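Presented below is the structure to which this report refers.
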Amino acid sequence: MAGRNFLFVPGPTNVPDRIQRAMVVSMEDHRSPHFPVLTNTIMAGLKNVFRTKVGTPFVFPSSGTGCWEAALTNTLSPGDTVLASRFGQFSHLWIDMCERLGLNVEIVDCEWGTGVPLQQYADILKADTQHRIKAVLACQNETATGVVSDIAGVREALDEAKHPALLFVDCVSSLGCIDFRFDDWGVDMAVSGSQKGFMLPAGLGILCASPKALAMYPNSKLKRAYFDLVDMQQANANGYFPYTPALSLMYGLVEALKMIEEEGLDQIVARHRYLARGVRAAVTEGWKLSLCAKEEKWYSDTVSAVMLPAGIAGTDVIARAYHRYNLSLGGGLSKVAGKLFRIGHLGDMNEIHLMAAINGAEMAMLDCGVAVKPGSGAAAASEFWRSNPAPSGLGPHLALQERQALARASASATATARG
Ligand SMILES: Cc1ncc(COP(=O)(O)O)c(C=O)c1O
């Protein structure tokens, strides 16, 4: 098939050329005296992305799921109670893992399309005067439904109840895209992975642990081996890993961290908001369809889950988009299987790139009998993007030095013209 595949599943995301090139490296001795430079560069960069001074980042050759397990098994003991809410496939899978590991999960089941229920968390934590609950789990961005949750609000609920439970956050599809503040929000374990906001292939589990979480290790009795944080910490302290690290991905990560620093986290968050708002305009104002997220406060800036009219199978729209237009959209999972399709708008992305998703999804919907007005999605998104100021991260991809050189050149040209 001519032309490239347009990838809009909400992870893995598009890998920028710069990162692809950075991963083409010869293998090297991971026990050499030079190796710690790579490890230390990565750890320093990750601290910036997690916005932490107190947290310790960890990088595992795994995916995000591995770090779910690392967070639990290095802090908790069999039979411990954790509080968790379920409102989508990923919040469900973390709960399932807790149960399989022998934890007692106090589950708050919520309507899919909503997120972490702050009031219920607050009530449960206040009522738990014996401090039975050892950890509170929150999925910041439920990728299955396109729902974002208020993590600062969870911290407030813990503080108001003066509850000592640890706060564990899944930020797999939000870190490096949606605002995340490890220190300010008093997060104890933040779980992420390489294939979303970091714009890398899957293969690295990325975790950050607070001193309070690490202090739980000696008393925690869940079994751990591969994901033992102390093994990892001891090796990392000297710049090494307890086993063979995923070298190519780590060189890619260095480049990704550079790109994140060049654009700036605040700008990245603003760009994701701006792009997401254009997509939402296409869905609600253009196509007159609704999002799975029930209210504006739940709207995710990294993924939009678009509900299809009754009688239309989401699987047909997704298959048509893929087979006819070479466009990869995300499908509905579990409870929402067949009812929606998802557009991932995270990572290396701009307006025109997203137009491919909007137009392609619209063509696939029309082919499958959805009564949307042709051209209406693009018209609404374009109206939004053209009438709102774009964050500075959009425009040509330039390295920081090039941008600074351009800015200097244009300042001196202006001065000469005036002078
Ligand atoms: C919110 C969320 N949590 C956890 C995971 C699992 O991560 P991984 O597939 O990297 O193991 C995903 C994957 O998409 C996710 O979106």
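Each chain in the structure tokens gets a letter, A, B and so on, in the order shown; residues start at 1 in every chain, and ligands are counted from 1 in the order they appear.
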Selection within 6 Å of ligand 1 by only C-alpha atoms and all ligand atoms, output as an mmCIF file with N, CA, C and O atoms, in the first residue's frame:
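Okay, this is what ended up in result.cif:
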```
data_model
loop_
_atom_site.group_PDB
_atom_site.id
_atom_site.type_symbol
_atom_site.label_atom_id
_atom_site.label_comp_id
_atom_site.auth_asym_id
_atom_site.auth_seq_id
_atom_site.Cartn_x
_atom_site.Cartn_y
_atom_site.Cartn_z
ATOM 1 N N SER A 63 7.310 -3.232 30.288
ATOM 2 C CA SER A 63 6.367 -2.184 29.883
ATOM 3 C C SER A 63 5.771 -1.600 31.164
ATOM 4 O O SER A 63 6.190 -1.958 32.273
ATOM 5 N N GLY A 64 4.781 -0.733 31.026
ATOM 6 C CA GLY A 64 4.181 -0.101 32.196
ATOM 7 C C GLY A 64 3.638 -1.119 33.191
ATOM 8 O O GLY A 64 3.737 -0.930 34.414
ATOM 9 N N THR A 65 3.109 -2.218 32.686
ATOM 10 C CA THR A 65 2.540 -3.249 33.562
ATOM 11 C C THR A 65 3.577 -3.753 34.571
ATOM 12 O O THR A 65 3.251 -4.008 35.734
ATOM 13 N N PHE A 90 -7.930 -0.166 32.019
ATOM 14 C CA PHE A 90 -6.609 -0.127 32.656
ATOM 15 C C PHE A 90 -6.729 -0.029 34.170
ATOM 16 O O PHE A 90 -5.981 -0.691 34.901
ATOM 17 N N ASN A 141 -4.939 8.876 33.826
ATOM 18 C CA ASN A 141 -5.567 8.984 32.508
ATOM 19 C C ASN A 141 -6.000 7.592 32.060
ATOM 20 O O ASN A 141 -5.159 6.753 31.742
ATOM 21 N N GLU A 142 -7.304 7.360 32.100
ATOM 22 C CA GLU A 142 -7.840 6.049 31.692
ATOM 23 C C GLU A 142 -7.887 6.025 30.172
ATOM 24 O O GLU A 142 -8.772 6.641 29.538
ATOM 25 N N THR A 143 -6.927 5.325 29.597
ATOM 26 C CA THR A 143 -6.745 5.332 28.143
ATOM 27 C C THR A 143 -7.917 4.669 27.420
ATOM 28 O O THR A 143 -8.184 4.961 26.257
ATOM 29 N N ASP A 170 -1.084 5.762 38.279
ATOM 30 C CA ASP A 170 -0.782 5.276 36.937
ATOM 31 C C ASP A 170 -0.780 6.504 36.022
ATOM 32 O O ASP A 170 -1.829 7.125 35.821
ATOM 33 N N VAL A 172 0.708 6.270 32.921
ATOM 34 C CA VAL A 172 1.243 5.664 31.695
ATOM 35 C C VAL A 172 0.885 6.517 30.470
ATOM 36 O O VAL A 172 1.740 6.788 29.635
ATOM 37 N N SER A 173 -0.375 6.960 30.381
ATOM 38 C CA SER A 173 -0.760 7.722 29.184
ATOM 39 C C SER A 173 -0.953 9.202 29.483
ATOM 40 O O SER A 173 -1.681 9.884 28.771
ATOM 41 N N GLY A 193 5.482 4.332 31.175
ATOM 42 C CA GLY A 193 6.139 3.462 30.189
ATOM 43 C C GLY A 193 6.672 4.308 29.045
ATOM 44 O O GLY A 193 6.374 5.494 28.937
#
```
Checklist entry - Could you name the residues that touch Ala165 (chain A) at 10 Å or less, counting only C-alpha atoms, but leaving out those on the same chain fewer than 6 positions away, as a list of chain:residue names? => result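 My list of contacting residues is A:Thr81, A:Val82, A:Leu83, A:Leu125, A:His131, A:Arg132, A:Ile133, A:Lys134, A:Ala135, A:Val136, A:Leu137, A:Leu158, A:Asp159, A:Asp188, A:Ala213.
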Item to check | Filtered DSSP result for region 154-244 of chain A, state strand (DSSP E or B), as a PyMOL selection string | outcome: chain A and resi 166-170+189-193+205-209
Go through region 76-97 of chain A and flag each residue having an atom no more than 10 Å from region 114-124 of chain A; for those, report the closest pair of atoms plus their distance in Å to one decimal, using only C-alpha atoms, ordered by chain and rising number, as CSV.
```
residue,atom,partner,partner_atom,distance
A:Leu83,CA,A:Tyr121,CA,8.0
A:Ala84,CA,A:Val116,CA,8.5
A:Ser85,CA,A:Val116,CA,6.1
A:Arg86,CA,A:Val116,CA,8.0
A:Phe87,CA,A:Gly115,CA,6.2
A:Gly88,CA,A:Gly115,CA,8.7
A:Ser91,CA,A:Gly115,CA,9.6
```
Mind dumping the selected residues with N, CA, C and O atoms as a PDB file, in the first residue's frame?
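Result saved to result_9.pdb:
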```pdb
ATOM      1  N   LEU A  83      -7.059   0.875  48.299  1.00  0.00           N
ATOM      2  CA  LEU A  83      -8.290   1.483  47.788  1.00  0.00           C
ATOM      3  C   LEU A  83      -8.080   1.797  46.299  1.00  0.00           C
ATOM      4  O   LEU A  83      -7.066   2.393  45.930  1.00  0.00           O
ATOM      5  N   ALA A  84      -9.033   1.361  45.477  1.00  0.00           N
ATOM      6  CA  ALA A  84      -8.879   1.608  44.030  1.00  0.00           C
ATOM      7  C   ALA A  84     -10.243   1.833  43.389  1.00  0.00           C
ATOM      8  O   ALA A  84     -11.258   1.330  43.888  1.00  0.00           O
ATOM      9  N   SER A  85     -10.255   2.582  42.315  1.00  0.00           N
ATOM     10  CA  SER A  85     -11.518   2.793  41.593  1.00  0.00           C
ATOM     11  C   SER A  85     -11.386   2.209  40.189  1.00  0.00           C
ATOM     12  O   SER A  85     -10.309   2.211  39.594  1.00  0.00           O
ATOM     13  N   ARG A  86     -12.519   1.719  39.692  1.00  0.00           N
ATOM     14  CA  ARG A  86     -12.512   1.040  38.379  1.00  0.00           C
ATOM     15  C   ARG A  86     -13.489   1.746  37.446  1.00  0.00           C
ATOM     16  O   ARG A  86     -14.684   1.822  37.731  1.00  0.00           O
ATOM     17  N   PHE A  87     -12.958   2.276  36.351  1.00  0.00           N
ATOM     18  CA  PHE A  87     -13.818   2.997  35.399  1.00  0.00           C
ATOM     19  C   PHE A  87     -13.324   2.818  33.975  1.00  0.00           C
ATOM     20  O   PHE A  87     -13.593   3.641  33.103  1.00  0.00           O
ATOM     21  N   GLY A  88     -12.570   1.726  33.752  1.00  0.00           N
ATOM     22  CA  GLY A  88     -12.059   1.462  32.410  1.00  0.00           C
ATOM     23  C   GLY A  88     -11.130   0.266  32.472  1.00  0.00           C
ATOM     24  O   GLY A  88     -10.832  -0.253  33.549  1.00  0.00           O
ATOM     25  N   SER A  91      -7.697   0.771  34.646  1.00  0.00           N
ATOM     26  CA  SER A  91      -7.906   0.788  36.100  1.00  0.00           C
ATOM     27  C   SER A  91      -8.350  -0.609  36.545  1.00  0.00           C
ATOM     28  O   SER A  91      -7.971  -1.092  37.618  1.00  0.00           O
TER      29      SER A  91
END
```
Checklist entry - Between CA of Ala209 (chain A) and CA of Gly55 (chain A), what is the distance, to one decimal in Å? => result 5.3 Å
Skip Val148 (chain A) itself and residues of its chain fewer than 6 positions away, then list as a PDB file with N, CA, C and O atoms, in the first residue's frame all residues within 10 Å of it, counting only C-alpha atoms.
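Produced file selection_10.pdb, reproduced below:
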```
ATOM      1  N   GLY A 113     -16.420   6.332  31.793  1.00  0.00           N
ATOM      2  CA  GLY A 113     -16.658   7.679  31.248  1.00  0.00           C
ATOM      3  C   GLY A 113     -16.522   8.711  32.363  1.00  0.00           C
ATOM      4  O   GLY A 113     -16.550   9.913  32.122  1.00  0.00           O
ATOM      5  N   THR A 114     -16.414   8.201  33.590  1.00  0.00           N
ATOM      6  CA  THR A 114     -16.067   9.077  34.715  1.00  0.00           C
ATOM      7  C   THR A 114     -14.697   8.622  35.218  1.00  0.00           C
ATOM      8  O   THR A 114     -14.129   7.662  34.692  1.00  0.00           O
ATOM      9  N   GLY A 115     -14.186   9.316  36.239  1.00  0.00           N
ATOM     10  CA  GLY A 115     -12.844   8.995  36.722  1.00  0.00           C
ATOM     11  C   GLY A 115     -12.800   8.789  38.225  1.00  0.00           C
ATOM     12  O   GLY A 115     -13.816   8.410  38.832  1.00  0.00           O
ATOM     13  N   VAL A 116     -11.647   9.043  38.823  1.00  0.00           N
ATOM     14  CA  VAL A 116     -11.469   8.780  40.257  1.00  0.00           C
ATOM     15  C   VAL A 116     -12.517   9.562  41.055  1.00  0.00           C
ATOM     16  O   VAL A 116     -12.596  10.794  40.957  1.00  0.00           O
ATOM     17  N   CYS A 139      -5.739   6.034  38.617  1.00  0.00           N
ATOM     18  CA  CYS A 139      -5.300   6.032  37.217  1.00  0.00           C
ATOM     19  C   CYS A 139      -5.528   7.449  36.689  1.00  0.00           C
ATOM     20  O   CYS A 139      -6.673   7.874  36.544  1.00  0.00           O
ATOM     21  N   GLN A 140      -4.436   8.181  36.478  1.00  0.00           N
ATOM     22  CA  GLN A 140      -4.601   9.592  36.103  1.00  0.00           C
ATOM     23  C   GLN A 140      -5.296   9.738  34.759  1.00  0.00           C
ATOM     24  O   GLN A 140      -6.119  10.630  34.588  1.00  0.00           O
ATOM     25  N   ASN A 141      -4.939   8.876  33.826  1.00  0.00           N
ATOM     26  CA  ASN A 141      -5.567   8.984  32.508  1.00  0.00           C
ATOM     27  C   ASN A 141      -6.000   7.592  32.060  1.00  0.00           C
ATOM     28  O   ASN A 141      -5.159   6.753  31.742  1.00  0.00           O
ATOM     29  N   GLU A 142      -7.304   7.360  32.100  1.00  0.00           N
ATOM     30  CA  GLU A 142      -7.840   6.049  31.692  1.00  0.00           C
ATOM     31  C   GLU A 142      -7.887   6.025  30.172  1.00  0.00           C
ATOM     32  O   GLU A 142      -8.772   6.641  29.538  1.00  0.00           O
ATOM     33  N   SER A 173      -0.375   6.960  30.381  1.00  0.00           N
ATOM     34  CA  SER A 173      -0.760   7.722  29.184  1.00  0.00           C
ATOM     35  C   SER A 173      -0.953   9.202  29.483  1.00  0.00           C
ATOM     36  O   SER A 173      -1.681   9.884  28.771  1.00  0.00           O
ATOM     37  N   SER A 174      -0.294   9.688  30.533  1.00  0.00           N
ATOM     38  CA  SER A 174      -0.380  11.124  30.826  1.00  0.00           C
ATOM     39  C   SER A 174       0.982  11.765  31.030  1.00  0.00           C
ATOM     40  O   SER A 174       1.162  12.948  30.715  1.00  0.00           O
ATOM     41  N   ILE A 178       0.163  15.422  29.940  1.00  0.00           N
ATOM     42  CA  ILE A 178      -0.811  16.099  30.809  1.00  0.00           C
ATOM     43  C   ILE A 178      -0.049  16.450  32.087  1.00  0.00           C
ATOM     44  O   ILE A 178       0.854  15.716  32.491  1.00  0.00           O
ATOM     45  N   ALA A 293     -16.145  10.179  27.682  1.00  0.00           N
ATOM     46  CA  ALA A 293     -16.005  10.969  28.914  1.00  0.00           C
ATOM     47  C   ALA A 293     -17.286  11.765  29.118  1.00  0.00           C
ATOM     48  O   ALA A 293     -17.724  12.482  28.219  1.00  0.00           O
ATOM     49  N   GLU A 296     -16.985  17.612  30.924  1.00  0.00           N
ATOM     50  CA  GLU A 296     -15.771  18.281  30.475  1.00  0.00           C
ATOM     51  C   GLU A 296     -14.598  18.034  31.416  1.00  0.00           C
ATOM     52  O   GLU A 296     -13.454  17.894  30.977  1.00  0.00           O
ATOM     53  N   LYS A 297     -14.876  17.973  32.719  1.00  0.00           N
ATOM     54  CA  LYS A 297     -13.763  17.805  33.660  1.00  0.00           C
ATOM     55  C   LYS A 297     -13.046  16.462  33.469  1.00  0.00           C
ATOM     56  O   LYS A 297     -11.918  16.288  33.906  1.00  0.00           O
ATOM     57  N   TRP A 298     -13.705  15.523  32.815  1.00  0.00           N
ATOM     58  CA  TRP A 298     -13.070  14.222  32.580  1.00  0.00           C
ATOM     59  C   TRP A 298     -12.357  14.148  31.230  1.00  0.00           C
ATOM     60  O   TRP A 298     -11.740  13.138  30.915  1.00  0.00           O
ATOM     61  N   TYR A 299     -12.490  15.180  30.388  1.00  0.00           N
ATOM     62  CA  TYR A 299     -11.932  15.083  29.027  1.00  0.00           C
ATOM     63  C   TYR A 299     -10.409  14.936  29.066  1.00  0.00           C
ATOM     64  O   TYR A 299      -9.715  15.770  29.635  1.00  0.00           O
ATOM     65  N   SER A 300      -9.927  13.896  28.421  1.00  0.00           N
ATOM     66  CA  SER A 300      -8.484  13.644  28.385  1.00  0.00           C
ATOM     67  C   SER A 300      -7.842  14.426  27.248  1.00  0.00           C
ATOM     68  O   SER A 300      -8.382  14.480  26.143  1.00  0.00           O
ATOM     69  N   ASP A 301      -6.674  14.988  27.527  1.00  0.00           N
ATOM     70  CA  ASP A 301      -5.943  15.686  26.470  1.00  0.00           C
ATOM     71  C   ASP A 301      -5.009  14.755  25.695  1.00  0.00           C
ATOM     72  O   ASP A 301      -4.248  15.219  24.855  1.00  0.00           O
ATOM     73  N   THR A 302      -5.042  13.456  25.976  1.00  0.00           N
ATOM     74  CA  THR A 302      -4.178  12.545  25.204  1.00  0.00           C
ATOM     75  C   THR A 302      -4.961  11.552  24.340  1.00  0.00           C
ATOM     76  O   THR A 302      -4.406  10.994  23.403  1.00  0.00           O
ATOM     77  N   VAL A 303      -6.215  11.307  24.697  1.00  0.00           N
ATOM     78  CA  VAL A 303      -6.991  10.359  23.891  1.00  0.00           C
ATOM     79  C   VAL A 303      -8.474  10.723  23.953  1.00  0.00           C
ATOM     80  O   VAL A 303      -8.984  11.063  25.021  1.00  0.00           O
TER      81      VAL A 303
END
```
Checklist entry - So which one's closest to Phe168 (chain A), A:Met307, A:Ala235, A:Leu72, A:Ala225? Using only C-alpha atoms, please. => result A:Leu72
